Each structure stands twice: as C-alpha cells, then as structure tokens.
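S.K.: Before I ask anything, here is the structure I am working with.
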Amino acid sequence: MQGLSERLEKLQLNSMEPDEIAELMALLSQPRFRTQQVFAWLAKGVAPAGMTNLPSSLRETLSELPYGSADICAARRSQKDGTVKYLFELCDGNLVEGVLMSYHYGNTLCLSTQVGCRMGCAFCASTLDGCVRDMTAGEMLQCVAEAERANPPQGGGRGITNAVLMGSGEPLDNYDNVVRFLRLVTSPDGFGMSSRNISLSTCGIVDRIDSLADDAPHVTLCISLHAPNDELRSSLMPINKKYPLSEVLAAAARYAERTGRRVIFEYALIRGVNDGIVHVRELASRLKGINCHVNLIPLNRVEERGLDGTPRARAYEIASQLADMRISASVRREMGSDIEGACGQLRRRTAHERLERKP
C-alpha cells in the first residue's frame, strides 16, 4: 500500500477516512483519540485552525496540509418556494453550484460532483463549457457542511437530511472521489447521513453502475434516460453511443435485483421532442419488468440550447398514461425556477462576469 506521506501530496485532509487520519496521527506521534476528534471536526466543515480541542502545535501542523475548502460566495432564495441556490467557491477559484430544497421530510441538498461536465447532453447548461476538473471528496463534504451551517437544525437533528448528487457533473465519471464522499458523509462517527437518504444520478456509465451496486448498495440510483430509443437518446445524450439504451436498462435491472432498491428513471420532457404518445408507449414497453419509477421533469429552458419544456399539464397526462400502462410515474415538483435553479446556469453566468471584469 502506498505510504501515507506519498498519499498526502494528493489527498486533502477533509478527504481522509478515519483509518487514514489514524495513520496520520501515528505519524505525528499523537494519541489515538485524536483521530475521532479530527474526523468529527472535518465532518462539520471545520478547518484545522478552528479545531479548538487540539493542541496548537497539532493545529499548526494540520493547517499545512491541503484542505478542500468550499465557501458559499453567493446565495439566492426563491420567493416562490424558499429554494436556495448556492454558489460555492473552491480553493482554486473554481465555482460549483448546490441547491437546497425543503420538503415535509427534511432539507435536501443537490450537490455537484465536477466543475462543469463533459457528457455533452443537449439540454444541459452544465456541459456548455466542458469539464474543468473533478471535485474531491473533501470539497463535496465541505459543501454539505457549509449548507448545514447556513441552515442550522431546528430543535435537534440535522439541517441537511438528504443529498442528491444531481448537480453539475457526472458522478460516475468521478467515481473514486464520489464513493469516498459517500463513505465520509454517511459515517456514523462523522456527518452521519443515512445512505438511504442519498440519491445519485448518472447518464448511464454501465460498468460503474455495476460497481456501485458493490460500493454503495443503499444509495438510490437515478438514471437520466430522457428518450425511449437509441436514435433519439443519442441525439440528446452523446454517451448513448458508447452505452446504448439496452445496456443501460440491463444495468439498471441488475442494480435493482442486486440491491433490492427501486431504480429511478429521470425523463426530462422537451416539448415536441420526446413527449408524444408514441414516446410514452415505447418508454413503457422498454421499462416493463424493471423495478423502477419514472420521474418526469418538464425541462427548465436553457437559452443557449433553444429547447423548451413540456407544459406541466401535459406532464401530468404522461404520468397518467404511464400509470395506465403499469409503469409507476410522477411529475417532479417545480422548484427554484426564479433563481436559475437548473444545473450550471448561475455558475456559468458568474464565471463569465468575472472574466469580463478582468483588466
């Protein structure tokens, strides 16, 4: 196994798991109980300088290590439903988004996993400028901690109860960091979020779906489908040329069977493109026999793409039609439409404004 001193050159302190922190404490000749102290602070998003129960000499030493900061630099609250759009600035100046949505069961934070995205989906703002880099596990954890700090729990419990990895980026394209983040955020000694309260959305990287069934079997798998056949899906999602629909659906069926958990198929409804009755019938036929639910999402308009969302009245018709065909379906609640809630919109606009201000 690679020595810790070598791994530290690439691994941020808040990306470390307890066994790695224990190894670090031993390397620094610290007592074993320091491991839990440090890990608990990191789960709260506290950098070494703020770890008040540690000796100052240890705080100074830890402060010299890389740390995955993610500071809230902007927050926009919807006047319609209270949804909050956060813009996080990472230590290198890159920007990522997060969206806090309140439901009757708790607060859900939508997280990004990459700075930008390289999947090239035709309806998404996140991918317009490509993928700048992967986010680290520590940066993702810091986003959760910062959102928790901005939304302290009322009367005990957690301020952030659920997480969806559905922001900018393809989670399974950043697999190792995402799986490490899932272990960190669900650790009972750390943030302690239930893995059953976490959903992960992928465009369908088949081999990674199979790996996820081993590495994170309690996470809810969501697959961005958006079309019932290869011709249409390939025109909307270039990844379909590598992983055609039949392979994606087979992987979804395997995941559902191996984990016992229902797979969610996300279907962005684009007016005049994928919302006709012929599409509904074909979709129902393709999903028959899979333990699944279809989440219908009227598309948020992205000006650069020139695509319009299906009216919500039609979306509810499609949900009813799928139900008649024995496919469970619902229409996603519209949230944050007045604050650029769609993935990538606020980040892209802010980044371009910063470039324009440079001399």
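In the structure tokens, each chain is lettered A, B, ... as it comes, each chain's residues begin at 1, and ligands are numbered from 1 in order of appearance.
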So that I can see what lies close to Ile277 in chain A, please list as a list of chain:residue names the residues with an atom at most 10 Å from it, counting only C-alpha atoms and leaving out residues fewer than 4 positions away in the same chain.

M.R.: A:Arg281, A:Glu282, A:Leu283, A:Glu317, A:Ile318, A:Gln321, A:Leu322

S.K.: In range 78-299 of chain A, what's helix (DSSP H, G or I) per DSSP? Answer as a PyMOL selection string?

M.R.: chain A and resi 137-150+171-186+195-197+206-215+230-236+238-241+245-259+277-287

S.K.: Restricting the output to C-alpha atoms, write the selected residues as an mmCIF file, in the first residue's frame.

M.R.:
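See again29.cif below for the written result:
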```
data_model
loop_
_atom_site.group_PDB
_atom_site.id
_atom_site.type_symbol
_atom_site.label_atom_id
_atom_site.label_comp_id
_atom_site.auth_asym_id
_atom_site.auth_seq_id
_atom_site.Cartn_x
_atom_site.Cartn_y
_atom_site.Cartn_z
ATOM 1 C CA ALA A 137 -14.485 14.040 -1.693
ATOM 2 C CA GLY A 138 -13.451 16.729 0.809
ATOM 3 C CA GLU A 139 -14.870 19.524 -1.339
ATOM 4 C CA MET A 140 -18.201 17.728 -1.640
ATOM 5 C CA LEU A 141 -18.269 17.134 2.118
ATOM 6 C CA GLN A 142 -17.430 20.795 2.711
ATOM 7 C CA CYS A 143 -20.400 21.860 0.545
ATOM 8 C CA VAL A 144 -22.694 19.784 2.766
ATOM 9 C CA ALA A 145 -21.142 21.212 5.925
ATOM 10 C CA GLU A 146 -21.403 24.807 4.686
ATOM 11 C CA ALA A 147 -25.051 24.318 3.738
ATOM 12 C CA GLU A 148 -25.681 22.795 7.176
ATOM 13 C CA ARG A 149 -24.030 25.792 8.818
ATOM 14 C CA ALA A 150 -26.244 28.141 6.801
ATOM 15 C CA PRO A 171 -20.891 11.357 -10.596
ATOM 16 C CA LEU A 172 -19.757 8.072 -12.105
ATOM 17 C CA ASP A 173 -17.183 9.922 -14.230
ATOM 18 C CA ASN A 174 -15.608 10.935 -10.878
ATOM 19 C CA TYR A 175 -16.179 7.540 -9.344
ATOM 20 C CA ASP A 176 -13.428 7.192 -6.737
ATOM 21 C CA ASN A 177 -13.991 10.651 -5.233
ATOM 22 C CA VAL A 178 -17.768 10.182 -5.186
ATOM 23 C CA VAL A 179 -17.612 6.790 -3.466
ATOM 24 C CA ARG A 180 -15.137 8.172 -0.917
ATOM 25 C CA PHE A 181 -17.528 11.097 -0.285
ATOM 26 C CA LEU A 182 -20.417 8.669 0.236
ATOM 27 C CA ARG A 183 -18.393 6.832 2.891
ATOM 28 C CA LEU A 184 -17.454 10.101 4.598
ATOM 29 C CA VAL A 185 -20.897 11.687 4.678
ATOM 30 C CA THR A 186 -22.587 8.507 5.927
ATOM 31 C CA SER A 195 -27.201 6.257 2.907
ATOM 32 C CA ARG A 196 -30.880 5.620 2.158
ATOM 33 C CA ASN A 197 -31.333 9.398 2.106
ATOM 34 C CA VAL A 206 -22.744 0.869 -17.340
ATOM 35 C CA ASP A 207 -19.598 -0.608 -15.789
ATOM 36 C CA ARG A 208 -19.714 1.918 -12.963
ATOM 37 C CA ILE A 209 -23.369 1.158 -12.272
ATOM 38 C CA ASP A 210 -22.354 -2.439 -11.663
ATOM 39 C CA SER A 211 -19.508 -1.307 -9.378
ATOM 40 C CA LEU A 212 -21.839 0.976 -7.450
ATOM 41 C CA ALA A 213 -24.003 -1.997 -6.503
ATOM 42 C CA ASP A 214 -20.983 -3.277 -4.536
ATOM 43 C CA ASP A 215 -19.600 0.028 -3.245
ATOM 44 C CA ASP A 230 -31.311 4.877 -29.226
ATOM 45 C CA GLU A 231 -31.786 7.260 -32.141
ATOM 46 C CA LEU A 232 -33.462 9.957 -30.059
ATOM 47 C CA ARG A 233 -31.330 9.372 -26.951
ATOM 48 C CA SER A 234 -28.083 9.595 -28.935
ATOM 49 C CA SER A 235 -29.196 12.940 -30.372
ATOM 50 C CA LEU A 236 -29.784 14.259 -26.841
ATOM 51 C CA PRO A 238 -23.774 11.539 -26.729
ATOM 52 C CA ILE A 239 -22.938 8.950 -24.026
ATOM 53 C CA ASN A 240 -25.642 6.725 -25.537
ATOM 54 C CA LYS A 241 -23.329 5.989 -28.474
ATOM 55 C CA LEU A 245 -30.146 2.065 -24.133
ATOM 56 C CA SER A 246 -30.406 -1.730 -23.979
ATOM 57 C CA GLU A 247 -27.161 -1.925 -21.963
ATOM 58 C CA VAL A 248 -28.206 0.902 -19.627
ATOM 59 C CA LEU A 249 -31.580 -0.706 -18.925
ATOM 60 C CA ALA A 250 -29.942 -4.100 -18.340
ATOM 61 C CA ALA A 251 -27.538 -2.494 -15.840
ATOM 62 C CA ALA A 252 -30.476 -0.805 -14.088
ATOM 63 C CA ALA A 253 -32.287 -4.129 -13.811
ATOM 64 C CA ARG A 254 -29.164 -5.755 -12.340
ATOM 65 C CA TYR A 255 -28.782 -2.942 -9.813
ATOM 66 C CA ALA A 256 -32.401 -3.243 -8.707
ATOM 67 C CA GLU A 257 -32.120 -7.013 -8.384
ATOM 68 C CA ARG A 258 -28.812 -6.992 -6.508
ATOM 69 C CA THR A 259 -29.683 -4.184 -4.085
ATOM 70 C CA ILE A 277 -47.889 9.369 -27.040
ATOM 71 C CA VAL A 278 -45.645 7.258 -29.285
ATOM 72 C CA HIS A 279 -42.732 8.048 -26.957
ATOM 73 C CA VAL A 280 -44.803 7.193 -23.893
ATOM 74 C CA ARG A 281 -45.823 3.814 -25.287
ATOM 75 C CA GLU A 282 -42.283 2.953 -26.315
ATOM 76 C CA LEU A 283 -40.942 4.012 -22.914
ATOM 77 C CA ALA A 284 -43.466 1.825 -21.090
ATOM 78 C CA SER A 285 -42.550 -1.121 -23.294
ATOM 79 C CA ARG A 286 -38.816 -0.707 -22.608
ATOM 80 C CA LEU A 287 -39.241 -0.416 -18.830
#
```

S.K.: Please return as a count of residues only: the residues of range 48-185 of chain A that backbone DSSP assigns to strand (DSSP E).

M.R.: 41

S.K.: Between range 146-190 of chain A and range 104-116 of chain A, at 6 Å or less, what are the per-residue closest atom pairs and their distances in Å? Count only C-alpha atoms, order by chain and rising residue number, and return it as CSV.

M.R.:
```
residue,atom,partner,partner_atom,distance
A:Ile160,CA,A:Asn107,CA,5.1
A:Thr161,CA,A:Asn107,CA,5.5
A:Asn162,CA,A:Thr108,CA,4.5
A:Ala163,CA,A:Leu109,CA,4.8
A:Val164,CA,A:Cys110,CA,4.8
A:Leu165,CA,A:Leu111,CA,4.9
A:Met166,CA,A:Cys110,CA,5.9
A:Gly167,CA,A:Ser112,CA,4.0
A:Ser168,CA,A:Ser112,CA,4.6
A:Gly169,CA,A:Gln114,CA,4.5
A:Pro171,CA,A:Thr113,CA,5.6
```

S.K.: Would you mind exporting the chosen residues as a PDB file, in the first residue's frame, restricted to N, CA and C atoms?

M.R.:
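Result file follows (part-v4.pdb):
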```pdb
ATOM      1  N   ILE A 160     -29.369  19.462   7.183  1.00  0.00           N
ATOM      2  CA  ILE A 160     -29.393  18.809   5.865  1.00  0.00           C
ATOM      3  C   ILE A 160     -29.628  17.320   6.107  1.00  0.00           C
ATOM      4  N   THR A 161     -30.779  16.825   5.696  1.00  0.00           N
ATOM      5  CA  THR A 161     -31.141  15.430   5.974  1.00  0.00           C
ATOM      6  C   THR A 161     -30.950  14.507   4.779  1.00  0.00           C
ATOM      7  N   ASN A 162     -30.961  15.085   3.583  1.00  0.00           N
ATOM      8  CA  ASN A 162     -30.874  14.287   2.364  1.00  0.00           C
ATOM      9  C   ASN A 162     -29.908  14.940   1.379  1.00  0.00           C
ATOM     10  N   ALA A 163     -29.348  14.133   0.507  1.00  0.00           N
ATOM     11  CA  ALA A 163     -28.465  14.655  -0.542  1.00  0.00           C
ATOM     12  C   ALA A 163     -28.779  13.970  -1.861  1.00  0.00           C
ATOM     13  N   VAL A 164     -28.734  14.748  -2.928  1.00  0.00           N
ATOM     14  CA  VAL A 164     -28.875  14.185  -4.268  1.00  0.00           C
ATOM     15  C   VAL A 164     -27.670  14.632  -5.083  1.00  0.00           C
ATOM     16  N   LEU A 165     -26.958  13.686  -5.648  1.00  0.00           N
ATOM     17  CA  LEU A 165     -25.806  14.009  -6.484  1.00  0.00           C
ATOM     18  C   LEU A 165     -26.320  14.164  -7.904  1.00  0.00           C
ATOM     19  N   MET A 166     -26.914  15.343  -8.142  1.00  0.00           N
ATOM     20  CA  MET A 166     -27.584  15.622  -9.413  1.00  0.00           C
ATOM     21  C   MET A 166     -27.225  17.005  -9.929  1.00  0.00           C
ATOM     22  N   GLY A 167     -26.219  17.647  -9.317  1.00  0.00           N
ATOM     23  CA  GLY A 167     -25.798  18.952  -9.786  1.00  0.00           C
ATOM     24  C   GLY A 167     -24.892  18.820 -11.001  1.00  0.00           C
ATOM     25  N   SER A 168     -24.014  19.786 -11.190  1.00  0.00           N
ATOM     26  CA  SER A 168     -23.108  19.750 -12.335  1.00  0.00           C
ATOM     27  C   SER A 168     -22.172  18.552 -12.243  1.00  0.00           C
ATOM     28  N   GLY A 169     -21.936  17.937 -13.394  1.00  0.00           N
ATOM     29  CA  GLY A 169     -21.013  16.814 -13.455  1.00  0.00           C
ATOM     30  C   GLY A 169     -21.710  15.476 -13.517  1.00  0.00           C
ATOM     31  N   PRO A 171     -21.504  11.983 -11.779  1.00  0.00           N
ATOM     32  CA  PRO A 171     -20.891  11.357 -10.596  1.00  0.00           C
ATOM     33  C   PRO A 171     -20.045  10.130 -10.910  1.00  0.00           C
TER      34      PRO A 171
END
```

S.K.: Quick one: everything within 8 Å of Ser330 in chain A, counting only C-alpha atoms, minus sequence neighbours fewer than 5 positions away in the same chain. Send it as a PyMOL selection string.

M.R.: chain A and resi 293-296+316+319

S.K.: Given the choices A:Arg32, A:Leu13, A:Pro217, A:Leu100, which gets closest to Glu64 in chain A if the distance is worked out from only C-alpha atoms?

M.R.: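 Smallest distance to Glu64 in chain A is found for A:Leu13.
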
S.K.: For Gly276 in chain A, which residue out of A:Thr310, A:Thr83, A:Ser201, A:Ser224 is the nearest one, using only C-alpha atoms?

M.R.: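 The answer is A:Thr310, which sits nearest to Gly276 in chain A.
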
S.K.: How far is it from CA of Arg333 in chain A to CA of Gly130 in chain A, in Å with one decimal?

M.R.: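 Separation between CA of Arg333 in chain A and CA of Gly130 in chain A: 28.3 Å.
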
S.K.: Using CA of Asn291 in chain A and CA of Ile198 in chain A as the two end points, give the distance in Å to one decimal.

M.R.: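 Calculated distance between CA of Asn291 in chain A and CA of Ile198 in chain A is 18.3 Å.
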
S.K.: Would you work out the distance separating CA of Gln37 in chain A from CA of Asp92 in chain A, expressed in Å to one decimal?

M.R.: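 Answer for the CA of Gln37 in chain A to CA of Asp92 in chain A separation: 27.4 Å.
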
S.K.: Contacts of Cys292 in chain A at 6 Å or less, counting only C-alpha atoms, minus same-chain residues fewer than 6 places along, as a ChimeraX atom specification?

M.R.: /A:262-264
